[in-house]
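Engineer: Next comes the structure file entry34.cif, holding mmCIF, C-alpha atoms.
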```cif
data_model
loop_
_atom_site.label_atom_id
_atom_site.label_comp_id
_atom_site.auth_asym_id
_atom_site.auth_seq_id
_atom_site.Cartn_x
_atom_site.Cartn_y
_atom_site.Cartn_z
CA MET A 258 67.76 96.71 82.98
CA ASN A 259 67.56 93.39 81.10
CA ALA A 260 68.35 92.16 77.61
CA ASN A 261 64.85 92.96 76.33
CA ASP A 262 65.23 96.57 77.47
CA LEU A 263 68.37 96.89 75.33
CA PHE A 264 66.81 95.43 72.19
CA LEU A 265 63.20 96.52 72.54
CA GLY A 266 63.34 99.68 74.65
CA PRO A 267 61.82 103.01 73.59
CA ASN A 268 65.14 104.34 72.26
CA PRO A 269 66.36 102.17 69.34
CA THR A 270 69.86 103.72 69.50
CA LEU A 271 70.42 102.65 73.11
CA LEU A 272 72.14 99.33 72.34
CA PRO A 273 74.77 100.66 69.87
CA THR A 274 75.39 103.67 72.12
CA ILE A 275 76.03 101.47 75.14
CA ALA A 276 78.18 99.15 73.01
CA ALA A 277 80.27 102.14 71.90
CA VAL A 278 80.78 103.09 75.54
CA PHE A 279 82.16 99.63 76.27
CA VAL A 280 84.46 99.70 73.22
CA LEU A 281 85.94 102.98 74.47
CA ALA A 282 86.17 101.74 78.05
CA GLY A 283 87.81 98.51 76.90
CA LEU A 284 90.35 100.39 74.79
CA VAL A 285 91.40 102.55 77.74
CA LYS A 286 91.63 99.49 79.97
CA GLY A 287 93.79 97.72 77.39
CA VAL A 288 96.25 100.61 77.35
CA ILE A 289 96.52 101.49 81.04
CA GLY A 290 95.04 98.45 82.81
CA LEU A 291 92.03 100.26 84.28
CA GLY A 292 89.18 102.53 83.30
CA LEU A 293 86.43 100.14 82.19
CA PRO A 294 84.14 100.65 85.21
CA THR A 295 85.11 104.31 85.61
CA ILE A 296 84.39 105.29 82.01
CA SER A 297 81.35 103.04 81.80
CA MET A 298 79.81 104.44 84.98
CA ALA A 299 80.56 108.04 83.98
CA LEU A 300 79.06 107.73 80.48
CA LEU A 301 76.18 105.37 81.25
CA ALA A 302 74.95 107.53 84.11
CA SER A 303 73.30 109.83 81.55
CA MET A 304 71.24 106.90 80.23
CA MET A 305 70.28 105.00 83.37
CA SER A 306 70.58 104.94 87.16
CA PRO A 307 73.99 104.31 88.80
CA ALA A 308 72.75 100.95 90.09
CA GLU A 309 71.68 99.85 86.59
CA ALA A 310 74.99 101.03 85.13
CA ALA A 311 76.95 99.14 87.81
CA ALA A 312 74.98 95.96 87.12
CA LEU A 313 75.55 96.30 83.37
CA LEU A 314 79.33 96.40 83.73
CA VAL A 315 79.65 93.30 85.97
CA VAL A 316 80.21 90.64 83.27
CA PRO A 317 82.50 92.69 80.95
CA SER A 318 84.48 93.90 83.95
CA PHE A 319 84.89 90.41 85.38
CA VAL A 320 85.93 88.69 82.15
CA THR A 321 88.32 91.42 80.99
CA ASN A 322 89.90 91.51 84.44
CA VAL A 323 90.42 87.73 84.40
CA TRP A 324 92.14 88.17 81.02
CA GLN A 325 94.32 90.84 82.61
CA LEU A 326 95.56 88.33 85.22
CA GLN A 327 98.12 86.94 82.77
CA PRO A 328 100.87 85.78 82.85
CA TRP A 329 99.42 82.81 84.73
CA ARG A 330 102.83 81.62 85.93
CA ALA A 331 103.18 84.73 88.10
CA LEU A 332 99.59 84.74 89.38
CA ARG A 333 100.09 82.54 92.44
CA GLU A 334 102.88 84.70 93.84
CA MET A 335 100.94 87.88 93.13
CA SER A 336 97.77 86.45 94.70
CA LEU A 337 99.57 85.55 97.92
CA ARG A 338 101.12 89.01 98.14
CA MET A 339 97.79 90.76 97.52
CA ALA A 340 95.63 88.47 99.67
CA PRO A 341 95.36 90.84 102.69
CA MET A 342 94.24 93.69 100.46
CA GLN A 343 91.67 91.54 98.64
CA LEU A 344 90.14 90.33 101.90
CA GLY A 345 89.68 94.00 102.79
CA VAL A 346 88.07 94.67 99.41
CA VAL A 347 85.46 91.96 99.94
CA GLY A 348 84.72 93.01 103.50
CA GLY A 349 84.50 96.71 102.66
CA THR A 350 82.27 96.19 99.61
CA LEU A 351 79.78 93.94 101.41
CA ALA A 352 79.73 96.22 104.45
CA GLY A 353 79.15 99.24 102.23
CA ALA A 354 76.39 97.47 100.31
CA TRP A 355 74.67 96.62 103.58
CA ALA A 356 75.09 100.15 105.00
CA VAL A 357 74.34 102.39 102.00
CA GLY A 358 72.55 100.10 99.54
CA ALA A 359 73.17 100.21 95.79
CA PRO A 360 75.62 102.77 94.30
CA VAL A 361 74.44 106.26 95.20
CA GLY A 362 74.52 109.61 93.45
CA SER A 363 76.46 112.72 92.69
CA TRP A 364 78.33 113.39 95.92
CA ALA A 365 80.13 110.04 95.81
CA VAL A 366 81.07 110.45 92.13
CA VAL A 367 82.40 113.98 92.74
CA CYS A 368 84.50 112.80 95.70
CA LEU A 369 85.93 109.93 93.67
CA GLY A 370 86.76 112.21 90.74
CA ALA A 371 88.42 114.72 93.06
CA MET A 372 90.63 111.99 94.57
CA LEU A 373 91.73 110.90 91.10
CA ILE A 374 92.60 114.49 90.14
CA VAL A 375 94.63 115.17 93.30
CA TYR A 376 96.55 111.90 93.09
CA ALA A 377 97.36 112.12 89.37
CA ALA A 378 98.34 115.80 89.51
CA TRP A 379 100.55 115.20 92.54
CA VAL A 380 102.48 112.34 90.98
CA LEU A 381 102.75 114.04 87.57
CA ALA A 382 104.25 117.01 89.40
CA GLY A 383 107.04 114.76 90.65
CA ALA A 384 105.76 113.39 93.96
CA ARG A 385 106.34 109.70 94.59
CA LEU A 386 104.38 107.45 96.88
CA ARG A 387 106.24 104.48 98.29
CA VAL A 388 104.93 101.65 100.46
CA PRO A 389 107.70 99.60 102.12
CA PRO A 390 107.17 95.81 102.07
CA ARG A 391 106.89 95.67 105.87
CA SER A 392 103.79 97.86 105.72
CA GLU A 393 101.86 95.73 103.24
CA PRO A 394 100.39 93.23 105.78
CA TRP A 395 98.53 95.96 107.71
CA LEU A 396 98.14 98.69 105.07
CA GLY A 397 96.81 96.33 102.40
CA PRO A 398 93.60 95.44 104.32
CA VAL A 399 93.00 99.12 105.16
CA VAL A 400 93.34 100.14 101.51
CA GLY A 401 91.22 97.17 100.44
CA ALA A 402 88.41 97.99 102.86
CA SER A 403 88.46 101.64 101.80
CA THR A 404 88.31 100.61 98.15
CA GLY A 405 85.40 98.33 98.95
CA LEU A 406 83.43 101.15 100.56
CA VAL A 407 84.02 103.37 97.51
CA THR A 408 82.99 100.48 95.26
CA ALA A 409 79.74 99.97 97.13
CA ALA A 410 78.92 103.69 96.91
CA THR A 411 79.95 104.39 93.30
CA GLY A 412 80.43 101.12 91.39
CA VAL A 413 84.05 102.15 90.67
CA PHE A 414 87.03 100.45 92.31
CA VAL A 415 90.04 102.58 91.35
CA VAL A 416 90.68 104.60 94.53
CA PRO A 417 92.57 104.05 96.75
CA ALA A 418 93.52 100.68 95.25
CA VAL A 419 95.42 101.98 92.21
CA PRO A 420 97.55 104.59 94.06
CA TYR A 421 98.43 101.91 96.61
CA LEU A 422 99.39 99.33 93.98
CA GLN A 423 101.52 101.85 92.11
CA ALA A 424 103.23 102.80 95.37
CA LEU A 425 104.44 99.20 95.70
CA GLY A 426 107.00 99.89 92.97
CA LEU A 427 105.80 97.14 90.64
CA GLN A 428 107.04 96.98 87.06
CA ARG A 429 104.59 97.69 84.25
CA GLU A 430 103.31 94.16 83.57
CA ALA A 431 103.25 93.27 87.26
CA LEU A 432 101.24 96.42 87.98
CA ILE A 433 98.78 95.49 85.22
CA GLN A 434 98.40 92.01 86.73
CA ALA A 435 97.99 93.33 90.28
CA MET A 436 95.28 95.73 89.13
CA GLY A 437 93.58 92.91 87.24
CA LEU A 438 93.53 90.81 90.41
CA SER A 439 92.17 93.64 92.54
CA PHE A 440 89.53 94.54 89.96
CA THR A 441 88.45 90.91 89.55
CA VAL A 442 87.85 90.56 93.28
CA SER A 443 86.13 93.96 93.37
CA THR A 444 83.82 92.99 90.51
CA VAL A 445 82.73 89.77 92.24
CA ALA A 446 82.20 91.66 95.50
CA LEU A 447 80.24 94.38 93.66
CA ALA A 448 78.00 91.77 92.04
CA ALA A 449 77.39 90.23 95.46
CA GLY A 450 76.57 93.64 96.92
CA LEU A 451 74.19 94.43 94.06
CA GLY A 452 72.58 91.04 94.56
CA LEU A 453 72.02 91.80 98.23
CA ASN A 454 70.14 94.92 97.16
CA GLY A 455 68.12 93.20 94.43
CA GLN A 456 69.98 94.95 91.59
CA PHE A 457 71.69 91.94 89.95
CA HIS A 458 69.81 88.86 88.77
CA ALA A 459 69.61 86.53 85.76
CA ALA A 460 68.02 89.06 83.37
CA THR A 461 70.56 91.72 84.35
CA ALA A 462 73.40 89.24 83.82
CA GLY A 463 72.07 88.61 80.30
CA ALA A 464 72.13 92.30 79.45
CA SER A 465 75.62 92.62 80.96
CA SER A 466 76.84 89.66 78.89
CA LEU A 467 75.80 91.45 75.70
CA MET A 468 78.48 94.05 76.39
CA LEU A 469 81.28 91.49 76.61
CA LEU A 470 82.13 91.50 72.89
CA PRO A 471 82.51 95.30 72.50
CA ALA A 472 84.52 95.47 75.73
CA PHE A 473 86.88 92.72 74.51
CA ALA A 474 87.24 94.36 71.10
CA GLY A 475 88.28 97.62 72.71
CA MET A 476 90.60 95.92 75.16
CA ALA A 477 92.34 93.90 72.43
CA LEU A 478 93.09 97.09 70.52
CA GLY A 479 94.24 98.85 73.68
CA THR A 480 96.54 95.97 74.62
CA ARG A 481 98.28 96.19 71.24
CA LEU A 482 98.78 99.90 71.74
CA ARG A 483 100.20 99.34 75.23
CA GLN A 484 102.83 96.95 73.91
CA ARG A 485 104.12 99.72 71.66
CA ILE A 486 104.47 102.24 74.51
CA GLY A 487 107.71 102.52 76.53
CA GLN A 488 107.88 102.48 80.34
CA ASP A 489 108.10 106.26 80.80
CA ARG A 490 105.39 106.98 78.26
CA PHE A 491 103.22 104.31 79.86
CA ARG A 492 103.56 105.97 83.27
CA THR A 493 102.65 109.39 81.85
CA CYS A 494 99.69 107.93 79.94
CA PHE A 495 98.58 106.07 83.06
CA LEU A 496 98.53 109.17 85.28
CA ALA A 497 97.20 111.54 82.61
CA SER A 498 94.30 109.15 82.05
CA LEU A 499 93.47 109.23 85.75
CA LEU A 500 93.52 113.02 85.63
CA VAL A 501 91.19 113.14 82.62
CA LEU A 502 88.83 110.58 84.11
CA GLY A 503 88.63 112.42 87.42
CA SER A 504 88.08 115.79 85.74
CA TYR A 505 85.31 114.42 83.58
CA MET A 506 83.51 112.87 86.55
CA VAL A 507 83.63 116.09 88.61
CA VAL A 508 82.65 118.42 85.75
CA ARG A 509 79.79 116.21 84.66
CA GLU A 510 78.27 116.12 88.14
CA VAL A 511 78.91 119.76 89.10
CA LEU A 512 77.83 121.58 85.93
CA PRO A 513 74.09 121.86 85.33
CA SER A 514 72.77 119.59 82.59
#
```
How does this structure look as C-alpha cells?

Structural biologist:
Amino acid sequence: MNANDLFLGPNPTLLPTIAAVFVLAGLVKGVIGLGLPTISMALLASMMSPAEAAALLVVPSFVTNVWQLQPWRALREMSLRMAPMQLGVVGGTLAGAWAVGAPVGSWAVVCLGAMLIVYAAWVLAGARLRVPPRSEPWLGPVVGASTGLVTAATGVFVVPAVPYLQALGLQREALIQAMGLSFTVSTVALAAGLGLNGQFHAATAGASSLMLLPAFAGMALGTRLRQRIGQDRFRTCFLASLLVLGSYMVVREVLPS
C-alpha cells in the first residue's frame, strides 16, 4: 500500500478509517505504554493483508516509541541494562523474517492473543513474575529472540517482551521507558525484515508517515490520562488492557466473518 492508495483507492472512507484506528491505538499507547502495533494490526487486518498493515505502522510506531524513551537523562542507563535483550530482538526478528517471510496469518495471531490472555489473567489473579538481576544477562537475549520471532510472524512485539520487562520490578515511568526502548528496536528490526521481503519501500514509508499525526494526537491524549492515574490503577489498567487486546485478537480470528 502507498500514499496514492490511501487517497485515491476505490473506498473513499479508507483514509479516515485508518486514521481513526491510529488515534485509538495512540491513545491506548499513551495510557499504558503499548498497544499501537497490537491494536493497529488487529483492526487493519480487516482492510488489508497483515504484511501491508505491518508496513503501515512502521513510521508511527517508531516515532511514538522514540518519544516514549523520555526522560533522556535515564536513557543511557536503561539502554545498557536492556542491551542483551535488544540484541536478541534484532537477531530473532531478522531470523524470523528470513525463515517465514512477511507476517503470516491467523494461527500466529491466535497464539499471540492467547498468550496475552493467559499472562494478564494470571497476574490479575494475584500471581507475580519476578526476574532476579543475576538472570538478566542470559534471560534477556532469550526473551528478545523469542519476541523477535513473534514480531516477524505477526508484526506485534508485545510477547514475551512486556511480561519480562514487568517482571524486572521497574517503577511505572521506568517500565514505560523500557517498553519504549524495546519497541523502538523491534520497529526498526521489523522494518528491516519487511524490507528483506520486499514489503517496505519508499512509497510504503510515505503512506506510513501519513498516520503519524493521528497516532501522535491519540498518544498525547493518552499520556495526559496516564499522568492522572495512580500506580495501582495504572497496573490494573495495564493488565486489563492486555486481556482485552488478547481476547479481541482470538475472537476475531476464530469466529467466522

Engineer: Counting all atoms listed in the file, I want the residues whose atoms come within 12 Å of (102.5, 97.8, 105.7) in the file frame, returned as a tab-separated table (two decimals) with C-alpha atoms, in the coordinates of the input.

Structural biologist:
```tsv
chain	number	residue	atom	x	y	z
A	338	ARG	CA	101.12	89.01	98.14
A	339	MET	CA	97.79	90.76	97.52
A	341	PRO	CA	95.36	90.84	102.69
A	342	MET	CA	94.24	93.69	100.46
A	387	ARG	CA	106.24	104.48	98.29
A	388	VAL	CA	104.93	101.65	100.46
A	389	PRO	CA	107.70	99.60	102.12
A	390	PRO	CA	107.17	95.81	102.07
A	391	ARG	CA	106.89	95.67	105.87
A	392	SER	CA	103.79	97.86	105.72
A	393	GLU	CA	101.86	95.73	103.24
A	394	PRO	CA	100.39	93.23	105.78
A	395	TRP	CA	98.53	95.96	107.71
A	396	LEU	CA	98.14	98.69	105.07
A	397	GLY	CA	96.81	96.33	102.40
A	398	PRO	CA	93.60	95.44	104.32
A	399	VAL	CA	93.00	99.12	105.16
A	400	VAL	CA	93.34	100.14	101.51
A	421	TYR	CA	98.43	101.91	96.61
A	424	ALA	CA	103.23	102.80	95.37
A	425	LEU	CA	104.44	99.20	95.70
```

Engineer: What separation in Å, quoted to one decimal, exists between CA of Glu430 (chain A) and CA of Gly370 (chain A)?

Structural biologist: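 Rounded to one decimal, the two atoms are 25.5 Å apart.
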
Engineer: Written as a count of residues only, what is the full residue list that the PyMOL selection byres ((chain A and resi 447-450) around 8) yields on the file shown?

Structural biologist: 19

Engineer: Under the rule that all atoms listed in the file are counted, which of A:Ile486, A:Val413, A:Met476, A:Leu502 is the nearest residue to Trp324 (chain A)?

Structural biologist: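 With all atoms listed in the file as the atom set, the closest residue is A:Met476.
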
Engineer: I'd like the contact shell of Ile275 (chain A) - 10 Å cut-off, all atoms listed in the file, skipping same-chain residues fewer than 5 positions apart - returned as a list in words.

Structural biologist: Leu263, Thr270, Val280, Ser297, Leu300, Leu301, Met304, Leu313, Met468 and Pro471 of chain A

Engineer: Do you have the CA of Gly401 (chain A)-CA of Ser439 (chain A) distance handy?

Structural biologist: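 Interatomic distance here is 8.7 Å.
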
Engineer: Using the chain letters and numbers from this file, what does the PyMOL selection byres ((chain A and resi 510) around 12) select? Give the answer as a PDB file with C-alpha atoms, keeping the file's coordinate frame.

Structural biologist:
```pdb
ATOM      1  CA  ALA A 299      80.560 108.040  83.980  1.00  0.00           C
ATOM      2  CA  LEU A 300      79.060 107.730  80.480  1.00  0.00           C
ATOM      3  CA  ALA A 302      74.950 107.530  84.110  1.00  0.00           C
ATOM      4  CA  SER A 303      73.300 109.830  81.550  1.00  0.00           C
ATOM      5  CA  GLY A 362      74.520 109.610  93.450  1.00  0.00           C
ATOM      6  CA  SER A 363      76.460 112.720  92.690  1.00  0.00           C
ATOM      7  CA  TRP A 364      78.330 113.390  95.920  1.00  0.00           C
ATOM      8  CA  ALA A 365      80.130 110.040  95.810  1.00  0.00           C
ATOM      9  CA  VAL A 366      81.070 110.450  92.130  1.00  0.00           C
ATOM     10  CA  VAL A 367      82.400 113.980  92.740  1.00  0.00           C
ATOM     11  CA  CYS A 368      84.500 112.800  95.700  1.00  0.00           C
ATOM     12  CA  LEU A 369      85.930 109.930  93.670  1.00  0.00           C
ATOM     13  CA  GLY A 370      86.760 112.210  90.740  1.00  0.00           C
ATOM     14  CA  ALA A 371      88.420 114.720  93.060  1.00  0.00           C
ATOM     15  CA  GLY A 503      88.630 112.420  87.420  1.00  0.00           C
ATOM     16  CA  SER A 504      88.080 115.790  85.740  1.00  0.00           C
ATOM     17  CA  TYR A 505      85.310 114.420  83.580  1.00  0.00           C
ATOM     18  CA  MET A 506      83.510 112.870  86.550  1.00  0.00           C
ATOM     19  CA  VAL A 507      83.630 116.090  88.610  1.00  0.00           C
ATOM     20  CA  VAL A 508      82.650 118.420  85.750  1.00  0.00           C
ATOM     21  CA  ARG A 509      79.790 116.210  84.660  1.00  0.00           C
ATOM     22  CA  VAL A 511      78.910 119.760  89.100  1.00  0.00           C
ATOM     23  CA  LEU A 512      77.830 121.580  85.930  1.00  0.00           C
ATOM     24  CA  PRO A 513      74.090 121.860  85.330  1.00  0.00           C
ATOM     25  CA  SER A 514      72.770 119.590  82.590  1.00  0.00           C
TER      26      SER A 514
END
```

Engineer: Under the rule that all atoms listed in the file are counted, which of A:Gly353, A:Pro273, A:Gly345, A:Gly358 is the nearest residue to Gln456 (chain A)?

Structural biologist: A:Gly358

Engineer: Complete region 435-462 of chain A with N, CA and C atoms (output as a PDB file, keeping the file's coordinate frame).

Structural biologist:
```
ATOM      1  N   ALA A 435      98.490  93.040  88.937  1.00  0.00           N
ATOM      2  CA  ALA A 435      97.990  93.330  90.280  1.00  0.00           C
ATOM      3  C   ALA A 435      96.660  94.079  90.222  1.00  0.00           C
ATOM      4  N   MET A 436      96.538  95.022  89.288  1.00  0.00           N
ATOM      5  CA  MET A 436      95.280  95.730  89.130  1.00  0.00           C
ATOM      6  C   MET A 436      94.189  94.788  88.636  1.00  0.00           C
ATOM      7  N   GLY A 437      94.546  93.887  87.719  1.00  0.00           N
ATOM      8  CA  GLY A 437      93.580  92.910  87.240  1.00  0.00           C
ATOM      9  C   GLY A 437      93.056  92.038  88.365  1.00  0.00           C
ATOM     10  N   LEU A 438      93.945  91.626  89.266  1.00  0.00           N
ATOM     11  CA  LEU A 438      93.530  90.810  90.410  1.00  0.00           C
ATOM     12  C   LEU A 438      92.608  91.590  91.329  1.00  0.00           C
ATOM     13  N   SER A 439      92.990  92.812  91.656  1.00  0.00           N
ATOM     14  CA  SER A 439      92.170  93.640  92.540  1.00  0.00           C
ATOM     15  C   SER A 439      90.803  93.923  91.924  1.00  0.00           C
ATOM     16  N   PHE A 440      90.789  94.220  90.623  1.00  0.00           N
ATOM     17  CA  PHE A 440      89.530  94.540  89.960  1.00  0.00           C
ATOM     18  C   PHE A 440      88.638  93.316  89.819  1.00  0.00           C
ATOM     19  N   THR A 441      89.245  92.136  89.624  1.00  0.00           N
ATOM     20  CA  THR A 441      88.450  90.910  89.550  1.00  0.00           C
ATOM     21  C   THR A 441      87.729  90.666  90.861  1.00  0.00           C
ATOM     22  N   VAL A 442      88.461  90.752  91.960  1.00  0.00           N
ATOM     23  CA  VAL A 442      87.850  90.560  93.280  1.00  0.00           C
ATOM     24  C   VAL A 442      86.786  91.625  93.531  1.00  0.00           C
ATOM     25  N   SER A 443      87.089  92.868  93.162  1.00  0.00           N
ATOM     26  CA  SER A 443      86.130  93.960  93.370  1.00  0.00           C
ATOM     27  C   SER A 443      84.857  93.739  92.566  1.00  0.00           C
ATOM     28  N   THR A 444      84.998  93.228  91.340  1.00  0.00           N
ATOM     29  CA  THR A 444      83.820  92.990  90.510  1.00  0.00           C
ATOM     30  C   THR A 444      82.922  91.924  91.122  1.00  0.00           C
ATOM     31  N   VAL A 445      83.520  90.832  91.597  1.00  0.00           N
ATOM     32  CA  VAL A 445      82.730  89.770  92.240  1.00  0.00           C
ATOM     33  C   VAL A 445      82.047  90.311  93.489  1.00  0.00           C
ATOM     34  N   ALA A 446      82.788  91.089  94.286  1.00  0.00           N
ATOM     35  CA  ALA A 446      82.200  91.660  95.500  1.00  0.00           C
ATOM     36  C   ALA A 446      81.088  92.643  95.156  1.00  0.00           C
ATOM     37  N   LEU A 447      81.277  93.446  94.084  1.00  0.00           N
ATOM     38  CA  LEU A 447      80.240  94.380  93.660  1.00  0.00           C
ATOM     39  C   LEU A 447      78.978  93.636  93.232  1.00  0.00           C
ATOM     40  N   ALA A 448      79.154  92.562  92.462  1.00  0.00           N
ATOM     41  CA  ALA A 448      78.000  91.770  92.040  1.00  0.00           C
ATOM     42  C   ALA A 448      77.262  91.204  93.247  1.00  0.00           C
ATOM     43  N   ALA A 449      78.017  90.746  94.249  1.00  0.00           N
ATOM     44  CA  ALA A 449      77.390  90.230  95.460  1.00  0.00           C
ATOM     45  C   ALA A 449      76.625  91.326  96.192  1.00  0.00           C
ATOM     46  N   GLY A 450      77.230  92.521  96.267  1.00  0.00           N
ATOM     47  CA  GLY A 450      76.570  93.640  96.920  1.00  0.00           C
ATOM     48  C   GLY A 450      75.311  94.066  96.190  1.00  0.00           C
ATOM     49  N   LEU A 451      75.380  94.099  94.849  1.00  0.00           N
ATOM     50  CA  LEU A 451      74.190  94.430  94.060  1.00  0.00           C
ATOM     51  C   LEU A 451      73.111  93.369  94.244  1.00  0.00           C
ATOM     52  N   GLY A 452      73.540  92.113  94.332  1.00  0.00           N
ATOM     53  CA  GLY A 452      72.580  91.040  94.560  1.00  0.00           C
ATOM     54  C   GLY A 452      71.876  91.179  95.898  1.00  0.00           C
ATOM     55  N   LEU A 453      72.623  91.590  96.917  1.00  0.00           N
ATOM     56  CA  LEU A 453      72.020  91.800  98.230  1.00  0.00           C
ATOM     57  C   LEU A 453      70.943  92.867  98.188  1.00  0.00           C
ATOM     58  N   ASN A 454      71.092  93.825  97.281  1.00  0.00           N
ATOM     59  CA  ASN A 454      70.140  94.920  97.160  1.00  0.00           C
ATOM     60  C   ASN A 454      69.143  94.722  96.022  1.00  0.00           C
ATOM     61  N   GLY A 455      69.088  93.506  95.463  1.00  0.00           N
ATOM     62  CA  GLY A 455      68.120  93.200  94.430  1.00  0.00           C
ATOM     63  C   GLY A 455      68.388  93.854  93.092  1.00  0.00           C
ATOM     64  N   GLN A 456      69.643  94.230  92.813  1.00  0.00           N
ATOM     65  CA  GLN A 456      69.980  94.950  91.590  1.00  0.00           C
ATOM     66  C   GLN A 456      70.694  94.076  90.558  1.00  0.00           C
ATOM     67  N   PHE A 457      70.985  92.821  90.894  1.00  0.00           N
ATOM     68  CA  PHE A 457      71.690  91.940  89.950  1.00  0.00           C
ATOM     69  C   PHE A 457      71.047  90.565  90.004  1.00  0.00           C
ATOM     70  N   HIS A 458      70.483  90.149  88.859  1.00  0.00           N
ATOM     71  CA  HIS A 458      69.810  88.860  88.770  1.00  0.00           C
ATOM     72  C   HIS A 458      70.026  88.302  87.365  1.00  0.00           C
ATOM     73  N   ALA A 459      69.333  87.222  87.022  1.00  0.00           N
ATOM     74  CA  ALA A 459      69.610  86.530  85.760  1.00  0.00           C
ATOM     75  C   ALA A 459      69.392  87.433  84.549  1.00  0.00           C
ATOM     76  N   ALA A 460      68.291  88.190  84.519  1.00  0.00           N
ATOM     77  CA  ALA A 460      68.020  89.060  83.370  1.00  0.00           C
ATOM     78  C   ALA A 460      69.083  90.141  83.233  1.00  0.00           C
ATOM     79  N   THR A 461      69.514  90.700  84.373  1.00  0.00           N
ATOM     80  CA  THR A 461      70.560  91.720  84.350  1.00  0.00           C
ATOM     81  C   THR A 461      71.881  91.129  83.854  1.00  0.00           C
ATOM     82  N   ALA A 462      72.182  89.907  84.284  1.00  0.00           N
ATOM     83  CA  ALA A 462      73.400  89.240  83.820  1.00  0.00           C
ATOM     84  C   ALA A 462      73.370  89.037  82.315  1.00  0.00           C
TER      85      ALA A 462
END
```
